[in-house]
>>> print(open('protein-v4.cif').read())   # mmCIF, C-alpha atoms, pLDDT in the B column; chains and numbers go by the auth columns
data_start
#
loop_
_atom_site.group_PDB
_atom_site.id
_atom_site.type_symbol
_atom_site.label_atom_id
_atom_site.label_comp_id
_atom_site.label_asym_id
_atom_site.label_seq_id
_atom_site.Cartn_x
_atom_site.Cartn_y
_atom_site.Cartn_z
_atom_site.B_iso_or_equiv
_atom_site.auth_seq_id
_atom_site.auth_asym_id
ATOM 1 C CA MET A 1 -169.806 139.315 218.321 76.00 226 A
ATOM 2 C CA LYS A 2 -173.236 138.014 219.283 88.00 227 A
ATOM 3 C CA THR A 3 -175.993 137.329 216.767 92.00 228 A
ATOM 4 C CA LYS A 4 -178.729 139.927 217.243 94.00 229 A
ATOM 5 C CA CYS A 5 -182.195 138.357 217.274 96.00 230 A
ATOM 6 C CA VAL A 6 -185.725 139.747 217.093 97.00 231 A
ATOM 7 C CA ILE A 7 -188.961 137.871 217.787 97.00 232 A
ATOM 8 C CA ILE A 8 -192.218 138.930 216.097 96.00 233 A
ATOM 9 C CA ASP A 9 -195.308 137.004 217.187 96.00 234 A
ATOM 10 C CA ASP A 10 -198.795 138.060 218.274 93.00 235 A
ATOM 11 C CA GLU A 11 -198.826 135.291 220.927 94.00 236 A
ATOM 12 C CA PRO A 12 -196.962 136.331 224.116 95.00 237 A
ATOM 13 C CA LEU A 13 -196.544 132.701 225.212 95.00 238 A
ATOM 14 C CA ALA A 14 -194.887 131.820 221.905 95.00 239 A
ATOM 15 C CA ILE A 15 -192.499 134.751 222.381 96.00 240 A
ATOM 16 C CA GLU A 16 -191.633 133.474 225.865 96.00 241 A
ATOM 17 C CA VAL A 17 -190.682 130.044 224.497 96.00 242 A
ATOM 18 C CA ILE A 18 -188.314 131.385 221.827 97.00 243 A
ATOM 19 C CA GLU A 19 -186.921 133.967 224.263 97.00 244 A
ATOM 20 C CA SER A 20 -186.099 131.223 226.780 96.00 245 A
ATOM 21 C CA TYR A 21 -184.245 129.278 224.078 95.00 246 A
ATOM 22 C CA ILE A 22 -182.285 132.346 222.983 95.00 247 A
ATOM 23 C CA ASN A 23 -181.273 132.993 226.588 93.00 248 A
ATOM 24 C CA LYS A 24 -179.677 129.531 226.740 90.00 249 A
ATOM 25 C CA MET A 25 -177.284 130.413 223.920 91.00 250 A
ATOM 26 C CA ASN A 26 -174.117 132.353 224.697 87.00 251 A
ATOM 27 C CA ASP A 27 -173.808 133.703 221.153 89.00 252 A
ATOM 28 C CA LEU A 28 -177.388 134.894 220.670 94.00 253 A
ATOM 29 C CA GLU A 29 -178.701 138.234 221.918 95.00 254 A
ATOM 30 C CA LEU A 30 -182.386 139.175 221.977 96.00 255 A
ATOM 31 C CA THR A 31 -182.577 142.823 220.913 95.00 256 A
ATOM 32 C CA GLY A 32 -186.338 143.090 220.447 95.00 257 A
ATOM 33 C CA LYS A 33 -189.654 141.248 220.843 96.00 258 A
ATOM 34 C CA PHE A 34 -192.920 142.454 219.329 96.00 259 A
ATOM 35 C CA THR A 35 -196.540 141.383 219.135 94.00 260 A
ATOM 36 C CA ASN A 36 -197.238 144.041 216.510 92.00 261 A
ATOM 37 C CA PRO A 37 -195.347 143.638 213.198 91.00 262 A
ATOM 38 C CA ILE A 38 -195.862 147.299 212.261 90.00 263 A
ATOM 39 C CA ILE A 39 -194.044 148.481 215.377 91.00 264 A
ATOM 40 C CA ALA A 40 -191.370 145.855 214.688 91.00 265 A
ATOM 41 C CA PHE A 41 -190.923 147.263 211.175 89.00 266 A
ATOM 42 C CA GLU A 42 -189.911 150.664 212.568 84.00 267 A
ATOM 43 C CA LYS A 43 -187.451 149.053 214.997 84.00 268 A
ATOM 44 C CA ILE A 44 -185.826 146.926 212.300 86.00 269 A
ATOM 45 C CA ARG A 45 -185.372 149.931 210.007 81.00 270 A
ATOM 46 C CA SER A 46 -183.303 151.700 212.672 81.00 271 A
ATOM 47 C CA ASP A 47 -181.481 148.686 214.113 84.00 272 A
ATOM 48 C CA THR A 48 -181.230 145.766 211.681 87.00 273 A
ATOM 49 C CA PRO A 49 -180.991 142.381 213.439 93.00 274 A
ATOM 50 C CA ASP A 50 -179.084 139.380 212.145 93.00 275 A
ATOM 51 C CA LEU A 51 -181.950 136.942 212.626 96.00 276 A
ATOM 52 C CA ILE A 52 -185.746 137.255 212.959 96.00 277 A
ATOM 53 C CA PHE A 53 -188.051 134.626 214.441 97.00 278 A
ATOM 54 C CA LEU A 54 -191.271 135.475 212.635 94.00 279 A
ATOM 55 C CA ASP A 55 -194.841 134.257 213.073 93.00 280 A
ATOM 56 C CA ILE A 56 -196.974 134.071 209.926 88.00 281 A
ATOM 57 C CA GLU A 57 -200.587 134.403 211.096 87.00 282 A
ATOM 58 C CA MET A 58 -200.763 137.871 212.672 87.00 283 A
ATOM 59 C CA PRO A 59 -203.411 140.625 212.574 83.00 284 A
ATOM 60 C CA GLU A 60 -202.891 143.672 210.363 80.00 285 A
ATOM 61 C CA LEU A 61 -199.803 142.245 208.629 85.00 286 A
ATOM 62 C CA SER A 62 -198.873 138.596 208.042 85.00 287 A
ATOM 63 C CA GLY A 63 -195.304 137.400 208.454 86.00 288 A
ATOM 64 C CA ILE A 64 -195.077 136.697 204.728 84.00 289 A
ATOM 65 C CA ASP A 65 -196.248 140.205 203.842 87.00 290 A
ATOM 66 C CA PHE A 66 -193.881 141.582 206.482 89.00 291 A
ATOM 67 C CA ILE A 67 -190.873 140.053 204.714 85.00 292 A
ATOM 68 C CA ARG A 68 -192.005 141.571 201.439 84.00 293 A
ATOM 69 C CA THR A 69 -191.869 145.053 202.990 84.00 294 A
ATOM 70 C CA LEU A 70 -188.141 144.676 203.784 84.00 295 A
ATOM 71 C CA ALA A 71 -185.698 145.845 201.133 80.00 296 A
ATOM 72 C CA ASN A 72 -182.820 143.762 202.524 82.00 297 A
ATOM 73 C CA PRO A 73 -184.291 141.231 204.962 85.00 298 A
ATOM 74 C CA PRO A 74 -182.005 139.510 207.458 90.00 299 A
ATOM 75 C CA ALA A 75 -182.106 135.750 208.030 92.00 300 A
ATOM 76 C CA ILE A 76 -185.684 134.646 208.721 93.00 301 A
ATOM 77 C CA ILE A 77 -186.897 131.631 210.709 94.00 302 A
ATOM 78 C CA PHE A 78 -190.672 131.201 210.573 92.00 303 A
ATOM 79 C CA THR A 79 -192.487 130.066 213.719 90.00 304 A
ATOM 80 C CA THR A 80 -196.078 129.060 213.038 84.00 305 A
ATOM 81 C CA ALA A 81 -198.770 126.536 213.845 81.00 306 A
ATOM 82 C CA TYR A 82 -199.757 126.167 210.188 72.00 307 A
ATOM 83 C CA ARG A 83 -197.848 123.650 208.099 67.00 308 A
ATOM 84 C CA GLU A 84 -199.520 124.755 204.866 63.00 309 A
ATOM 85 C CA TYR A 85 -197.433 127.941 204.770 57.00 310 A
ATOM 86 C CA ALA A 86 -194.151 126.048 204.527 52.00 311 A
ATOM 87 C CA LEU A 87 -193.843 126.137 200.732 54.00 312 A
ATOM 88 C CA GLU A 88 -194.526 129.865 200.467 56.00 313 A
ATOM 89 C CA GLY A 89 -192.092 130.510 203.300 52.00 314 A
ATOM 90 C CA PHE A 90 -189.274 128.680 201.554 53.00 315 A
ATOM 91 C CA GLU A 91 -190.054 130.475 198.297 58.00 316 A
ATOM 92 C CA LEU A 92 -189.235 133.671 200.196 63.00 317 A
ATOM 93 C CA GLU A 93 -185.871 132.079 201.064 73.00 318 A
ATOM 94 C CA ALA A 94 -186.638 131.664 204.747 83.00 319 A
ATOM 95 C CA LEU A 95 -183.797 129.909 206.549 87.00 320 A
ATOM 96 C CA ASP A 96 -186.069 127.450 208.357 89.00 321 A
ATOM 97 C CA TYR A 97 -189.690 126.775 209.269 87.00 322 A
ATOM 98 C CA LEU A 98 -190.515 125.808 212.877 91.00 323 A
ATOM 99 C CA LEU A 99 -193.917 124.374 213.718 90.00 324 A
ATOM 100 C CA LYS A 100 -195.395 125.306 217.092 90.00 325 A
ATOM 101 C CA PRO A 101 -195.001 124.168 219.765 92.00 326 A
ATOM 102 C CA VAL A 102 -191.277 124.550 219.022 93.00 327 A
ATOM 103 C CA SER A 103 -188.993 122.145 220.886 92.00 328 A
ATOM 104 C CA PHE A 104 -185.530 123.187 222.002 92.00 329 A
ATOM 105 C CA GLU A 105 -183.974 120.448 219.857 89.00 330 A
ATOM 106 C CA ARG A 106 -185.733 121.744 216.738 91.00 331 A
ATOM 107 C CA PHE A 107 -184.756 125.311 217.622 95.00 332 A
ATOM 108 C CA LEU A 108 -181.140 124.179 217.969 92.00 333 A
ATOM 109 C CA ARG A 109 -181.190 122.559 214.526 90.00 334 A
ATOM 110 C CA ALA A 110 -182.358 125.855 213.036 93.00 335 A
ATOM 111 C CA ILE A 111 -179.608 127.788 214.832 93.00 336 A
ATOM 112 C CA ASN A 112 -176.963 125.344 213.607 90.00 337 A
ATOM 113 C CA LYS A 113 -178.297 125.857 210.086 88.00 338 A
ATOM 114 C CA TYR A 114 -177.966 129.614 210.569 91.00 339 A
ATOM 115 C CA TYR A 115 -174.347 129.301 211.673 86.00 340 A
ATOM 116 C CA LYS A 116 -173.521 126.925 208.840 82.00 341 A
ATOM 117 C CA ILE A 117 -174.801 129.403 206.255 81.00 342 A
ATOM 118 C CA TYR A 118 -173.956 132.749 207.798 78.00 343 A
ATOM 119 C CA SER A 119 -170.980 132.237 210.090 62.00 344 A
ATOM 120 C CA SER A 120 -168.272 131.600 207.465 43.00 345 A
ATOM 121 C CA PRO A 121 -167.709 135.240 206.403 35.00 346 A
ATOM 122 C CA VAL A 122 -167.678 136.365 210.025 33.00 347 A
ATOM 123 C CA GLN A 123 -165.300 133.612 211.042 35.00 348 A
ATOM 124 C CA THR A 124 -162.958 134.473 208.169 31.00 349 A
ATOM 125 C CA LYS A 125 -162.768 138.044 209.394 31.00 350 A
ATOM 126 C CA ILE A 126 -162.007 136.855 212.928 31.00 351 A
ATOM 127 C CA THR A 127 -159.327 134.507 211.641 32.00 352 A
ATOM 128 C CA GLU A 128 -157.679 137.361 209.772 33.00 353 A
ATOM 129 C CA GLN A 129 -157.566 139.445 212.948 34.00 354 A
ATOM 130 C CA LEU A 130 -156.567 136.741 215.370 35.00 355 A
ATOM 131 C CA PRO A 131 -153.795 134.199 214.694 38.00 356 A
ATOM 132 C CA GLY A 132 -154.633 130.532 215.103 42.00 357 A
ATOM 133 C CA PRO A 133 -157.093 127.961 213.721 44.00 358 A
ATOM 134 C CA GLU A 134 -160.564 128.781 212.481 48.00 359 A
ATOM 135 C CA GLN A 135 -163.127 129.461 215.184 59.00 360 A
ATOM 136 C CA GLU A 136 -166.069 127.725 213.506 84.00 361 A
ATOM 137 C CA TYR A 137 -168.445 125.979 215.885 88.00 362 A
ATOM 138 C CA ILE A 138 -171.837 124.336 216.311 90.00 363 A
ATOM 139 C CA TYR A 139 -174.146 123.870 219.270 90.00 364 A
ATOM 140 C CA ILE A 140 -174.963 120.376 220.529 91.00 365 A
ATOM 141 C CA LYS A 141 -177.809 119.656 222.921 88.00 366 A
ATOM 142 C CA GLU A 142 -176.842 117.778 226.088 86.00 367 A
ATOM 143 C CA ASN A 143 -178.825 117.570 229.341 81.00 368 A
ATOM 144 C CA LYS A 144 -181.203 120.395 228.374 76.00 369 A
ATOM 145 C CA LYS A 145 -178.319 122.715 227.562 83.00 370 A
ATOM 146 C CA ALA A 146 -176.645 123.816 224.337 87.00 371 A
ATOM 147 C CA VAL A 147 -172.934 123.025 224.383 89.00 372 A
ATOM 148 C CA LYS A 148 -170.712 125.121 222.131 89.00 373 A
ATOM 149 C CA VAL A 149 -168.281 122.845 220.281 92.00 374 A
ATOM 150 C CA PHE A 150 -165.524 124.109 218.004 92.00 375 A
ATOM 151 C CA LEU A 151 -165.229 122.095 214.811 93.00 376 A
ATOM 152 C CA ARG A 152 -161.455 121.947 215.154 93.00 377 A
ATOM 153 C CA ASP A 153 -161.866 119.957 218.406 94.00 378 A
ATOM 154 C CA ILE A 154 -164.132 117.212 217.022 95.00 379 A
ATOM 155 C CA LEU A 155 -162.349 113.911 216.279 95.00 380 A
ATOM 156 C CA TYR A 156 -165.224 111.636 215.320 96.00 381 A
ATOM 157 C CA LEU A 157 -168.916 110.866 215.822 97.00 382 A
ATOM 158 C CA GLU A 158 -170.510 107.457 216.421 96.00 383 A
ATOM 159 C CA SER A 159 -174.135 106.415 216.343 94.00 384 A
ATOM 160 C CA LEU A 160 -175.603 104.896 219.530 92.00 385 A
ATOM 161 C CA LYS A 161 -179.090 103.864 218.403 85.00 386 A
ATOM 162 C CA ASP A 162 -181.197 106.973 219.142 87.00 387 A
ATOM 163 C CA TYR A 163 -178.149 108.950 220.263 93.00 388 A
ATOM 164 C CA VAL A 164 -174.880 110.204 218.794 94.00 389 A
ATOM 165 C CA LYS A 165 -171.566 110.268 220.644 95.00 390 A
ATOM 166 C CA VAL A 166 -169.415 113.241 219.682 95.00 391 A
ATOM 167 C CA VAL A 167 -165.796 112.661 220.677 94.00 392 A
ATOM 168 C CA CYS A 168 -163.643 115.777 220.966 93.00 393 A
ATOM 169 C CA LYS A 169 -160.029 116.275 221.941 90.00 394 A
ATOM 170 C CA GLU A 170 -160.888 116.944 225.574 89.00 395 A
ATOM 171 C CA CYS A 171 -164.483 115.757 226.061 90.00 396 A
ATOM 172 C CA LYS A 172 -167.277 113.456 224.937 93.00 397 A
ATOM 173 C CA ILE A 173 -170.856 114.556 224.354 94.00 398 A
ATOM 174 C CA ILE A 174 -173.811 112.209 223.996 93.00 399 A
ATOM 175 C CA THR A 175 -176.837 113.799 222.384 92.00 400 A
ATOM 176 C CA LYS A 176 -180.210 112.526 221.237 89.00 401 A
ATOM 177 C CA SER A 177 -179.868 113.019 217.496 89.00 402 A
ATOM 178 C CA THR A 178 -179.061 111.223 214.248 91.00 403 A
ATOM 179 C CA MET A 179 -176.017 110.836 212.043 92.00 404 A
ATOM 180 C CA ASN A 180 -178.024 112.272 209.145 91.00 405 A
ATOM 181 C CA HIS A 181 -178.527 115.477 211.124 89.00 406 A
ATOM 182 C CA PHE A 182 -174.801 115.868 211.754 92.00 407 A
ATOM 183 C CA GLY A 183 -174.092 114.931 208.158 90.00 408 A
ATOM 184 C CA GLU A 184 -176.177 117.940 207.112 87.00 409 A
ATOM 185 C CA ILE A 185 -174.651 120.526 209.452 88.00 410 A
ATOM 186 C CA LEU A 186 -170.973 119.505 209.449 91.00 411 A
ATOM 187 C CA PRO A 187 -168.965 120.919 206.506 90.00 412 A
ATOM 188 C CA GLU A 188 -167.886 118.270 203.991 89.00 413 A
ATOM 189 C CA GLU A 189 -164.457 119.818 203.584 90.00 414 A
ATOM 190 C CA LYS A 190 -163.717 119.073 207.252 93.00 415 A
ATOM 191 C CA PHE A 191 -165.651 115.860 207.964 96.00 416 A
ATOM 192 C CA LEU A 192 -166.141 112.569 206.176 96.00 417 A
ATOM 193 C CA ARG A 193 -168.896 110.010 206.652 96.00 418 A
ATOM 194 C CA ILE A 194 -167.270 106.590 206.264 95.00 419 A
ATOM 195 C CA HIS A 195 -170.095 104.388 207.580 95.00 420 A
ATOM 196 C CA ARG A 196 -173.784 104.835 208.321 93.00 421 A
ATOM 197 C CA SER A 197 -172.789 105.029 211.998 95.00 422 A
ATOM 198 C CA THR A 198 -169.468 106.931 211.756 96.00 423 A
ATOM 199 C CA ILE A 199 -168.296 110.417 210.777 97.00 424 A
ATOM 200 C CA ILE A 200 -164.599 111.288 211.121 96.00 425 A
ATOM 201 C CA ALA A 201 -162.795 114.610 211.091 95.00 426 A
ATOM 202 C CA ARG A 202 -160.497 114.617 208.066 95.00 427 A
ATOM 203 C CA SER A 203 -157.719 116.133 210.170 93.00 428 A
ATOM 204 C CA ALA A 204 -157.845 113.122 212.527 94.00 429 A
ATOM 205 C CA ILE A 205 -157.197 110.530 209.791 94.00 430 A
ATOM 206 C CA LYS A 206 -153.754 108.913 210.009 93.00 431 A
ATOM 207 C CA THR A 207 -153.927 105.909 207.675 93.00 432 A
ATOM 208 C CA VAL A 208 -156.359 104.408 205.174 92.00 433 A
ATOM 209 C CA SER A 209 -156.509 100.761 204.124 87.00 434 A
ATOM 210 C CA HIS A 210 -158.885 98.560 202.102 81.00 435 A
ATOM 211 C CA SER A 211 -161.633 98.599 204.720 89.00 436 A
ATOM 212 C CA MET A 212 -160.324 100.641 207.639 92.00 437 A
ATOM 213 C CA ILE A 213 -159.430 104.184 208.624 94.00 438 A
ATOM 214 C CA GLU A 214 -157.111 104.734 211.558 92.00 439 A
ATOM 215 C CA THR A 215 -156.894 107.796 213.756 89.00 440 A
ATOM 216 C CA GLY A 216 -154.429 108.248 216.600 78.00 441 A
ATOM 217 C CA ASN A 217 -155.826 105.464 218.797 80.00 442 A
ATOM 218 C CA ARG A 218 -158.892 104.078 217.002 89.00 443 A
ATOM 219 C CA GLN A 219 -159.681 102.056 213.914 93.00 444 A
ATOM 220 C CA PHE A 220 -162.960 102.495 212.059 95.00 445 A
ATOM 221 C CA THR A 221 -164.572 100.276 209.445 94.00 446 A
ATOM 222 C CA ILE A 222 -165.327 101.852 206.077 94.00 447 A
ATOM 223 C CA GLY A 223 -168.855 100.886 205.104 93.00 448 A
ATOM 224 C CA ARG A 224 -169.135 99.009 201.829 91.00 449 A
ATOM 225 C CA ASN A 225 -171.609 101.550 200.464 92.00 450 A
ATOM 226 C CA TYR A 226 -169.315 104.437 201.452 92.00 451 A
ATOM 227 C CA LYS A 227 -165.980 103.155 200.164 90.00 452 A
ATOM 228 C CA ASN A 228 -166.029 104.759 196.706 90.00 453 A
ATOM 229 C CA GLU A 229 -167.065 108.144 198.072 90.00 454 A
ATOM 230 C CA VAL A 230 -164.451 107.955 200.831 91.00 455 A
ATOM 231 C CA LEU A 231 -161.637 107.173 198.408 88.00 456 A
ATOM 232 C CA LYS A 232 -162.818 109.891 196.055 89.00 457 A
ATOM 233 C CA ALA A 233 -162.994 112.448 198.874 89.00 458 A
ATOM 234 C CA LEU A 234 -159.461 111.522 199.975 89.00 459 A
ATOM 235 C CA LYS A 235 -158.247 111.569 196.347 85.00 460 A
ATOM 236 C CA LEU A 236 -157.140 107.927 196.502 82.00 461 A
ATOM 237 C CA SER A 237 -157.272 105.486 193.611 69.00 462 A
ATOM 238 C CA ASN A 238 -159.684 102.595 194.065 67.00 463 A
ATOM 239 C CA SER A 239 -157.282 100.293 192.198 57.00 464 A
ATOM 240 C CA GLY A 240 -154.767 100.491 195.012 60.00 465 A
ATOM 241 C CA PHE A 241 -157.236 99.004 197.490 59.00 466 A
#
>>> encode(input="protein-v4.cif", output="structure tokens")
Amino acid sequence: MKTKCVIIDDEPLAIEVIESYINKMNDLELTGKFTNPIIAFEKIRSDTPDLIFLDIEMPELSGIDFIRTLANPPAIIFTTAYREYALEGFELEALDYLLKPVSFERFLRAINKYYKIYSSPVQTKITEQLPGPEQEYIYIKENKKAVKVFLRDILYLESLKDYVKVVCKECKIITKSTMNHFGEILPEEKFLRIHRSTIIARSAIKTVSHSMIETGNRQFTIGRNYKNEVLKALKLSNSGF
């Protein structure tokens, strides 16, 4: 099932940018776009979206006041040119806060955050209906496109200066990003950071030694500053190493 999205912004050009990003994503569906928040309010009452991209500075009704009119607001991502509204936006439990002009990479980070927080219940329901492994996934930017990658297929990630190499069972993706970013969006119960430049899928680990972790065909160094956390996460005694 696709995530239903609505854009509310009094700037048509800003709507076009977010709309173009949504159209690049297979699992997002734009169900409404509005320059008038009052008209948007009526639409949302009759057809509640999953996610709203919401401007803050708008005539007649600000984005912040708009949220306060909703009894059960969906996930909200603010899109605004004014950084000073960030604190108030987060106090209203907005999912993210995008400063204009919004880049595709920053948009993608917000979408990954949405899926990390909101996809688990949906994925559990799908898993109950369909036999097989969990269908959790993230999107990774590569060559101006968003590539859908299932978490179950990821083996490990390696830092390449300003880029990250994501190695999957059947492909490799190189994206301009950071290990800290992936450390934030990948679930800790499935992935383990063992070095400042390495994250490994727990399911791919075959053996663990004093300073190394081995997968099927690779060995990775455990960073000195990560060793205690790695052993604790794997429920191994430090005395044995």
>>> resolve_selection(input="protein-v4.cif", expression="the PyMOL selection byres ((chain A and resi 260) around 9)", output="number ranges by chain")
A: 232-237, 240, 258-259, 261-262, 264-265, 283
>>> atom_distance(input="protein-v4.cif", atom1="CA of Leu385 in chain A", atom2="CA of Ser422 in chain A")
8.0 Å
>>> atom_distance(input="protein-v4.cif", atom1="CA of Glu413 in chain A", atom2="CA of Met226 in chain A")
25.5 Å
>>> closest_residue(input="protein-v4.cif", among="A:Ile425, A:Val242, A:Met437, A:Leu320", to="Val392 in chain A", atoms="only C-alpha atoms")
A:Ile425
>>> resolve_selection(input="protein-v4.cif", expression="the PyMOL selection byres ((chain A and resi 431) around 7)", output="list in words")
Ala429, Ile430, Thr432, Glu439, Thr440 and Gly441 of chain A
>>> resolve_selection(input="protein-v4.cif", expression="the PyMOL selection byres ((chain A and resi 335-342) around 12)", output="ChimeraX atom specification")
/A:227-228,230,243,246-247,250,252-253,275-278,299-304,319-324,327-334,343-348,360-366,371-374,376,406-413
>>> residues_around(input="protein-v4.cif", residues="Glu282 in chain A", least_positions_apart="6", cutoff="9 Å", atoms="all atoms listed in the file", output="JSON, numbers by chain")
{"A": [234, 235, 288, 289, 305, 306, 307]}
>>> write_last_selection(input="protein-v4.cif", atoms="C-alpha atoms", output="CSV table (one decimal), keeping the file's coordinate frame")
chain,number,residue,atom,x,y,z
A,234,ASP,CA,-195.3,137.0,217.2
A,235,ASP,CA,-198.8,138.1,218.3
A,288,GLY,CA,-195.3,137.4,208.5
A,289,ILE,CA,-195.1,136.7,204.7
A,305,THR,CA,-196.1,129.1,213.0
A,306,ALA,CA,-198.8,126.5,213.8
A,307,TYR,CA,-199.8,126.2,210.2
>>> residues_around(input="protein-v4.cif", residues="range 395-397 of chain A", least_positions_apart="2", cutoff="12 Å", atoms="only C-alpha atoms", output="ChimeraX atom specification")
/A:365,367,372-375,377-383,389-393,399-400
>>> atom_distance(input="protein-v4.cif", atom1="CA of Leu279 in chain A", atom2="CA of Lys249 in chain A")
19.2 Å
>>> closest_residue(input="protein-v4.cif", among="A:Val455, A:Leu417, A:Leu238, A:Ile263", to="Pro326 in chain A", atoms="only C-alpha atoms")
A:Leu238
